[in-house]
Amino acid sequence: NVLRCHIQVIIGAAGGIGSRVTRLARDRGASLVLAGRSADRLDSLASSLELDDPLIAACDATDPDSVAALIEQTIEDRGRLDSIVNLAGSILIKPAHATSADEFQETFRVNALSAFNVVRAAAPVMQRNDGGSIVLMSSCAARVGLPAHEAISAAKAGVEGLTRSAAATYASHLVRVNAVAPGLVDTPLASAITSSEPSLKASTKMHPLGRIGSPDDIAPGTDSPMTCPV
């Protein structure tokens, strides 16, 4: 008995968390579409993981037309879309009085707008495809009052509100929408914090495990049930 192989799109696949998500999806037999702003980095990732025929696609998740084109390219190349993970994001650690209007808008654009663009483009395709899974990235800052996190907290809270509403909207069409909300994760994106001993120590104290997260902690949370050759 051969079931259809799972078609998974990973936006931000070349990032610290994205590379672990890609590895996990590969190990579970998914047919992968790797997307991001740097095709060269995606090519390097695909080569290092020895991926079997991945589709590499340039995509700016903050641009709705770019995300729509990514979904269209996936359908044309792979025939359908089973799941999509949006790992586009940023970190801004500044109190409100030190955050410019442009910084606030950019934080919202990279985090909340990118998530909205993914839901907007992927959900209708999955409805026609008998369901699917959309996974977005939030942060513990969306729920926990952390000092100097006003912009990123607001943006990620927006992602969580979007997730709850979209989950309710598309549930009847078997489209699941979830968000993963980690604390600080040791990735290149967080290097401004992790490279500072006082900042790292302060953040570590906030984590019950006594350490900050690693990409391997987060990647399994982006997974969804798959149907692959058996």
# chains A, B, ... in the order shown; residues from 1 in each chain; ligands from 1
$ closest_atom_pairs --of "stretch 9-99 of chain A" --to "stretch 120-144 of chain A" --cutoff "10 Å" --atoms "only C-alpha atoms" --output "tab-separated table"
residue	atom	partner	partner_atom	distance
A:Val9	CA	A:Ile134	CA	9.6
A:Ile10	CA	A:Val135	CA	9.6
A:Pro64	CA	A:Ala121	CA	7.9
A:Asp65	CA	A:Ala121	CA	9.1
A:Ser66	CA	A:Ala121	CA	9.9
A:Val67	CA	A:Ala121	CA	6.8
A:Ala68	CA	A:Ala121	CA	5.4
A:Ala69	CA	A:Ala121	CA	9.0
A:Leu70	CA	A:Ala121	CA	9.1
A:Ile71	CA	A:Ala122	CA	6.7
A:Glu72	CA	A:Ala121	CA	9.1
A:Ile75	CA	A:Val125	CA	8.8
A:Gly79	CA	A:Asn129	CA	9.9
A:Arg80	CA	A:Asn129	CA	6.9
A:Leu81	CA	A:Met126	CA	6.5
A:Asp82	CA	A:Gly132	CA	4.8
A:Ser83	CA	A:Ser133	CA	4.5
A:Ile84	CA	A:Ile134	CA	5.1
A:Val85	CA	A:Val135	CA	4.7
A:Asn86	CA	A:Leu136	CA	5.2
A:Leu87	CA	A:Met137	CA	6.0
A:Ala88	CA	A:Met137	CA	7.9
A:Gly89	CA	A:Met137	CA	7.8
$ write_last_selection --atoms "C-alpha atoms" --output "PDB file, in the first residue's frame"
ATOM      1  CA  VAL A   9       7.042  24.144   2.390  1.00  0.00           C
ATOM      2  CA  ILE A  10       9.529  25.664   4.838  1.00  0.00           C
ATOM      3  CA  PRO A  64       2.028  38.934  -0.306  1.00  0.00           C
ATOM      4  CA  ASP A  65       2.723  38.519  -4.018  1.00  0.00           C
ATOM      5  CA  SER A  66       5.960  36.662  -3.275  1.00  0.00           C
ATOM      6  CA  VAL A  67       4.193  34.244  -0.928  1.00  0.00           C
ATOM      7  CA  ALA A  68       1.377  33.706  -3.415  1.00  0.00           C
ATOM      8  CA  ALA A  69       3.962  32.967  -6.121  1.00  0.00           C
ATOM      9  CA  LEU A  70       5.655  30.455  -3.816  1.00  0.00           C
ATOM     10  CA  ILE A  71       2.383  28.601  -3.264  1.00  0.00           C
ATOM     11  CA  GLU A  72       1.636  28.646  -6.992  1.00  0.00           C
ATOM     12  CA  ILE A  75       1.375  23.467  -6.783  1.00  0.00           C
ATOM     13  CA  GLY A  79       0.841  19.053  -7.438  1.00  0.00           C
ATOM     14  CA  ARG A  80      -0.452  20.110  -4.031  1.00  0.00           C
ATOM     15  CA  LEU A  81       0.474  21.553  -0.629  1.00  0.00           C
ATOM     16  CA  ASP A  82       0.120  19.561   2.593  1.00  0.00           C
ATOM     17  CA  SER A  83       1.894  21.783   5.118  1.00  0.00           C
ATOM     18  CA  ILE A  84       3.754  25.051   5.384  1.00  0.00           C
ATOM     19  CA  VAL A  85       5.971  26.404   8.160  1.00  0.00           C
ATOM     20  CA  ASN A  86       6.721  30.128   8.366  1.00  0.00           C
ATOM     21  CA  LEU A  87       9.984  30.796  10.197  1.00  0.00           C
ATOM     22  CA  ALA A  88      10.440  34.382   9.004  1.00  0.00           C
ATOM     23  CA  GLY A  89      10.965  36.653  11.986  1.00  0.00           C
TER      24      GLY A  89
END
$ residues_around --residues "A:Gln105" --least-positions-apart "2" --cutoff "12 Å" --atoms "only C-alpha atoms" --output "compact mmCIF listing (two decimals) with all heavy atoms, in the first residue's frame"
# COMPACT_ATOMS: atom_id res chain seq x y z
N THR A 62 7.31 38.82 3.67
CA THR A 62 6.60 40.07 3.96
C THR A 62 5.88 40.62 2.74
O THR A 62 5.12 41.59 2.85
CB THR A 62 7.58 41.14 4.49
OG1 THR A 62 8.49 41.52 3.46
CG2 THR A 62 8.36 40.62 5.68
N SER A 90 12.04 38.26 13.39
CA SER A 90 13.12 39.13 13.83
C SER A 90 13.04 39.27 15.35
O SER A 90 12.06 38.86 15.97
CB SER A 90 13.01 40.51 13.17
OG SER A 90 11.83 41.17 13.61
N LEU A 92 13.68 42.30 18.30
CA LEU A 92 14.01 43.69 18.65
C LEU A 92 13.86 43.84 20.16
O LEU A 92 12.76 43.70 20.69
CB LEU A 92 13.10 44.68 17.93
CG LEU A 92 13.38 46.16 18.24
CD1 LEU A 92 14.74 46.57 17.67
CD2 LEU A 92 12.28 47.06 17.68
N THR A 99 12.17 52.89 20.88
CA THR A 99 11.83 52.23 19.62
C THR A 99 11.21 53.25 18.68
O THR A 99 10.21 53.90 19.01
CB THR A 99 10.83 51.08 19.87
OG1 THR A 99 11.41 50.13 20.76
CG2 THR A 99 10.47 50.39 18.57
N SER A 100 11.79 53.38 17.50
CA SER A 100 11.24 54.33 16.53
C SER A 100 9.99 53.75 15.87
O SER A 100 9.75 52.54 15.90
CB SER A 100 12.29 54.64 15.46
OG SER A 100 12.50 53.51 14.62
N ALA A 101 9.22 54.62 15.27
CA ALA A 101 8.03 54.17 14.55
C ALA A 101 8.41 53.21 13.42
O ALA A 101 7.72 52.21 13.18
CB ALA A 101 7.27 55.37 13.99
N ASP A 102 9.52 53.50 12.74
CA ASP A 102 9.96 52.61 11.66
C ASP A 102 10.36 51.24 12.19
O ASP A 102 10.06 50.22 11.56
CB ASP A 102 11.14 53.24 10.92
CG ASP A 102 10.73 54.40 10.03
OD1 ASP A 102 9.52 54.54 9.75
OD2 ASP A 102 11.61 55.17 9.62
N GLU A 103 11.03 51.19 13.34
CA GLU A 103 11.43 49.91 13.92
C GLU A 103 10.20 49.10 14.33
O GLU A 103 10.16 47.88 14.14
CB GLU A 103 12.32 50.15 15.14
CG GLU A 103 13.72 50.62 14.80
CD GLU A 103 14.53 50.96 16.03
OE1 GLU A 103 13.96 51.49 17.02
OE2 GLU A 103 15.76 50.72 16.02
N THR A 107 9.18 45.53 12.68
CA THR A 107 9.00 44.35 13.52
C THR A 107 7.66 43.68 13.23
O THR A 107 7.57 42.45 13.13
CB THR A 107 9.10 44.72 15.01
OG1 THR A 107 10.38 45.30 15.27
CG2 THR A 107 8.93 43.51 15.90
N PHE A 108 6.63 44.49 13.09
CA PHE A 108 5.32 43.95 12.74
C PHE A 108 5.32 43.34 11.34
O PHE A 108 4.72 42.29 11.10
CB PHE A 108 4.25 45.05 12.83
CG PHE A 108 3.25 44.80 13.91
CD1 PHE A 108 3.53 45.15 15.22
CD2 PHE A 108 2.05 44.17 13.65
CE1 PHE A 108 2.63 44.90 16.23
CE2 PHE A 108 1.13 43.92 14.64
CZ PHE A 108 1.40 44.29 15.94
N ARG A 109 6.00 44.00 10.43
CA ARG A 109 6.02 43.53 9.04
C ARG A 109 6.68 42.16 8.93
O ARG A 109 6.14 41.24 8.28
CB ARG A 109 6.78 44.55 8.18
CG ARG A 109 6.63 44.36 6.67
CD ARG A 109 7.35 45.47 5.93
NE ARG A 109 8.79 45.30 6.01
CZ ARG A 109 9.51 44.59 5.14
NH1 ARG A 109 8.93 43.99 4.13
NH2 ARG A 109 10.82 44.50 5.27
N VAL A 110 7.83 42.01 9.58
CA VAL A 110 8.59 40.77 9.45
C VAL A 110 7.91 39.62 10.20
O VAL A 110 7.93 38.48 9.74
CB VAL A 110 10.03 40.97 9.98
CG1 VAL A 110 10.78 39.65 10.01
CG2 VAL A 110 10.77 41.98 9.12
N ASN A 111 7.28 39.92 11.31
CA ASN A 111 6.70 38.85 12.14
C ASN A 111 5.22 38.62 11.88
O ASN A 111 4.81 37.51 11.53
CB ASN A 111 6.94 39.18 13.61
CG ASN A 111 8.39 39.14 13.99
OD1 ASN A 111 8.95 38.09 14.27
ND2 ASN A 111 9.06 40.30 13.99
N ALA A 112 4.40 39.65 12.04
CA ALA A 112 2.95 39.47 11.93
C ALA A 112 2.47 39.45 10.48
O ALA A 112 1.65 38.62 10.09
CB ALA A 112 2.22 40.55 12.71
N LEU A 113 2.97 40.40 9.67
CA LEU A 113 2.53 40.44 8.28
C LEU A 113 2.94 39.19 7.52
O LEU A 113 2.17 38.65 6.72
CB LEU A 113 3.07 41.69 7.58
CG LEU A 113 2.70 41.84 6.10
CD1 LEU A 113 1.19 41.88 5.91
CD2 LEU A 113 3.35 43.09 5.51
N ALA A 151 7.81 45.93 21.20
CA ALA A 151 7.50 45.76 19.77
C ALA A 151 7.35 44.29 19.40
O ALA A 151 6.37 43.90 18.76
CB ALA A 151 8.58 46.42 18.91
N ILE A 152 8.30 43.47 19.79
CA ILE A 152 8.23 42.06 19.43
C ILE A 152 7.09 41.37 20.15
O ILE A 152 6.44 40.46 19.60
CB ILE A 152 9.59 41.35 19.68
CG1 ILE A 152 9.60 39.96 19.04
CG2 ILE A 152 9.92 41.28 21.15
CD1 ILE A 152 9.50 39.98 17.54
N ALA A 154 4.20 42.75 20.95
CA ALA A 154 2.99 43.13 20.24
C ALA A 154 2.86 42.36 18.92
O ALA A 154 1.77 41.89 18.57
CB ALA A 154 2.99 44.63 19.98
N ALA A 155 3.97 42.24 18.18
CA ALA A 155 3.93 41.55 16.90
C ALA A 155 3.60 40.07 17.07
O ALA A 155 2.78 39.50 16.34
CB ALA A 155 5.26 41.71 16.18
$ closest_atom_pairs --of "stretch 33-116 of chain A" --to "stretch 11-19 of chain A" --cutoff "9 Å" --atoms "only C-alpha atoms" --output "CSV"
residue,atom,partner,partner_atom,distance
A:Val33,CA,A:Ile11,CA,8.4
A:Leu34,CA,A:Ala13,CA,5.7
A:Ala35,CA,A:Ile11,CA,4.6
A:Gly36,CA,A:Gly12,CA,4.9
A:Arg37,CA,A:Gly12,CA,7.8
A:Ser38,CA,A:Ala14,CA,8.2
A:Arg41,CA,A:Ala14,CA,6.0
A:Leu42,CA,A:Ala14,CA,5.5
A:Asp43,CA,A:Ala14,CA,9.0
A:Ser44,CA,A:Ala14,CA,8.5
A:Leu45,CA,A:Ala14,CA,6.4
A:Cys59,CA,A:Ile11,CA,7.6
A:Asp60,CA,A:Ile11,CA,8.8
A:Ala61,CA,A:Ile11,CA,7.5
A:Ile84,CA,A:Ile11,CA,7.6
A:Val85,CA,A:Ile11,CA,6.1
A:Asn86,CA,A:Ile11,CA,4.9
A:Leu87,CA,A:Gly12,CA,5.0
A:Ala88,CA,A:Gly12,CA,5.5
A:Gly89,CA,A:Gly12,CA,8.7
$ select_by_dssp --residues "stretch 98-184 of chain A" --states "helix (DSSP H, G or I)" --output "PyMOL selection string"
chain A and resi 98+101-128+140-142+150-173
$ atom_distance --atom1 "atom CA of A:Thr222" --atom2 "atom CA of A:Asp40"
23.9 Å
$ closest_residue --among "A:Arg78, A:Lys94, A:Arg26, A:Lys156" --to "A:Leu55" --atoms "only C-alpha atoms"
A:Arg78
$ atom_distance --atom1 "atom CA of A:Thr22" --atom2 "atom CA of A:Gly158"
25.8 Å
$ closest_residue --among "A:Ser47, A:Thr163, A:Ser114, A:Gln8" --to "A:Ala30" --atoms "only C-alpha atoms"
A:Gln8
$ closest_residue --among "A:Ala96, A:Asp77, A:Pro147, A:Asp63" --to "A:Ala115" --atoms "only C-alpha atoms"
A:Asp63
$ select_by_dssp --residues "stretch 4-151 of chain A" --states "strand (DSSP E)" --output "mmCIF file with C-alpha atoms, in the first residue's frame"
data_model
loop_
_atom_site.group_PDB
_atom_site.id
_atom_site.type_symbol
_atom_site.label_atom_id
_atom_site.label_comp_id
_atom_site.auth_asym_id
_atom_site.auth_seq_id
_atom_site.Cartn_x
_atom_site.Cartn_y
_atom_site.Cartn_z
ATOM 1 C CA ILE A 7 4.556 18.032 0.463
ATOM 2 C CA GLN A 8 6.015 20.526 2.945
ATOM 3 C CA VAL A 9 7.042 24.144 2.390
ATOM 4 C CA ILE A 10 9.529 25.664 4.838
ATOM 5 C CA ILE A 11 9.932 29.446 4.691
ATOM 6 C CA SER A 31 9.011 16.142 -0.267
ATOM 7 C CA LEU A 32 10.485 19.547 0.503
ATOM 8 C CA VAL A 33 10.096 23.060 -0.838
ATOM 9 C CA LEU A 34 12.769 25.286 0.703
ATOM 10 C CA ALA A 35 12.033 29.001 0.588
ATOM 11 C CA GLY A 36 13.759 32.150 1.756
ATOM 12 C CA LEU A 55 12.425 22.655 -4.824
ATOM 13 C CA ILE A 56 14.385 25.839 -4.037
ATOM 14 C CA ALA A 57 12.331 29.010 -4.193
ATOM 15 C CA ALA A 58 13.186 32.639 -3.493
ATOM 16 C CA SER A 83 1.894 21.783 5.118
ATOM 17 C CA ILE A 84 3.754 25.051 5.384
ATOM 18 C CA VAL A 85 5.971 26.404 8.160
ATOM 19 C CA ASN A 86 6.721 30.128 8.366
ATOM 20 C CA GLY A 132 -3.397 20.646 5.600
ATOM 21 C CA SER A 133 -1.271 22.205 8.312
ATOM 22 C CA ILE A 134 -0.017 25.775 8.743
ATOM 23 C CA VAL A 135 2.576 26.408 11.454
ATOM 24 C CA LEU A 136 3.566 29.929 12.491
ATOM 25 C CA MET A 137 6.208 31.201 14.906
#
$ atom_distance --atom1 "atom CA of A:Ile93" --atom2 "atom CA of A:Val119"
26.7 Å
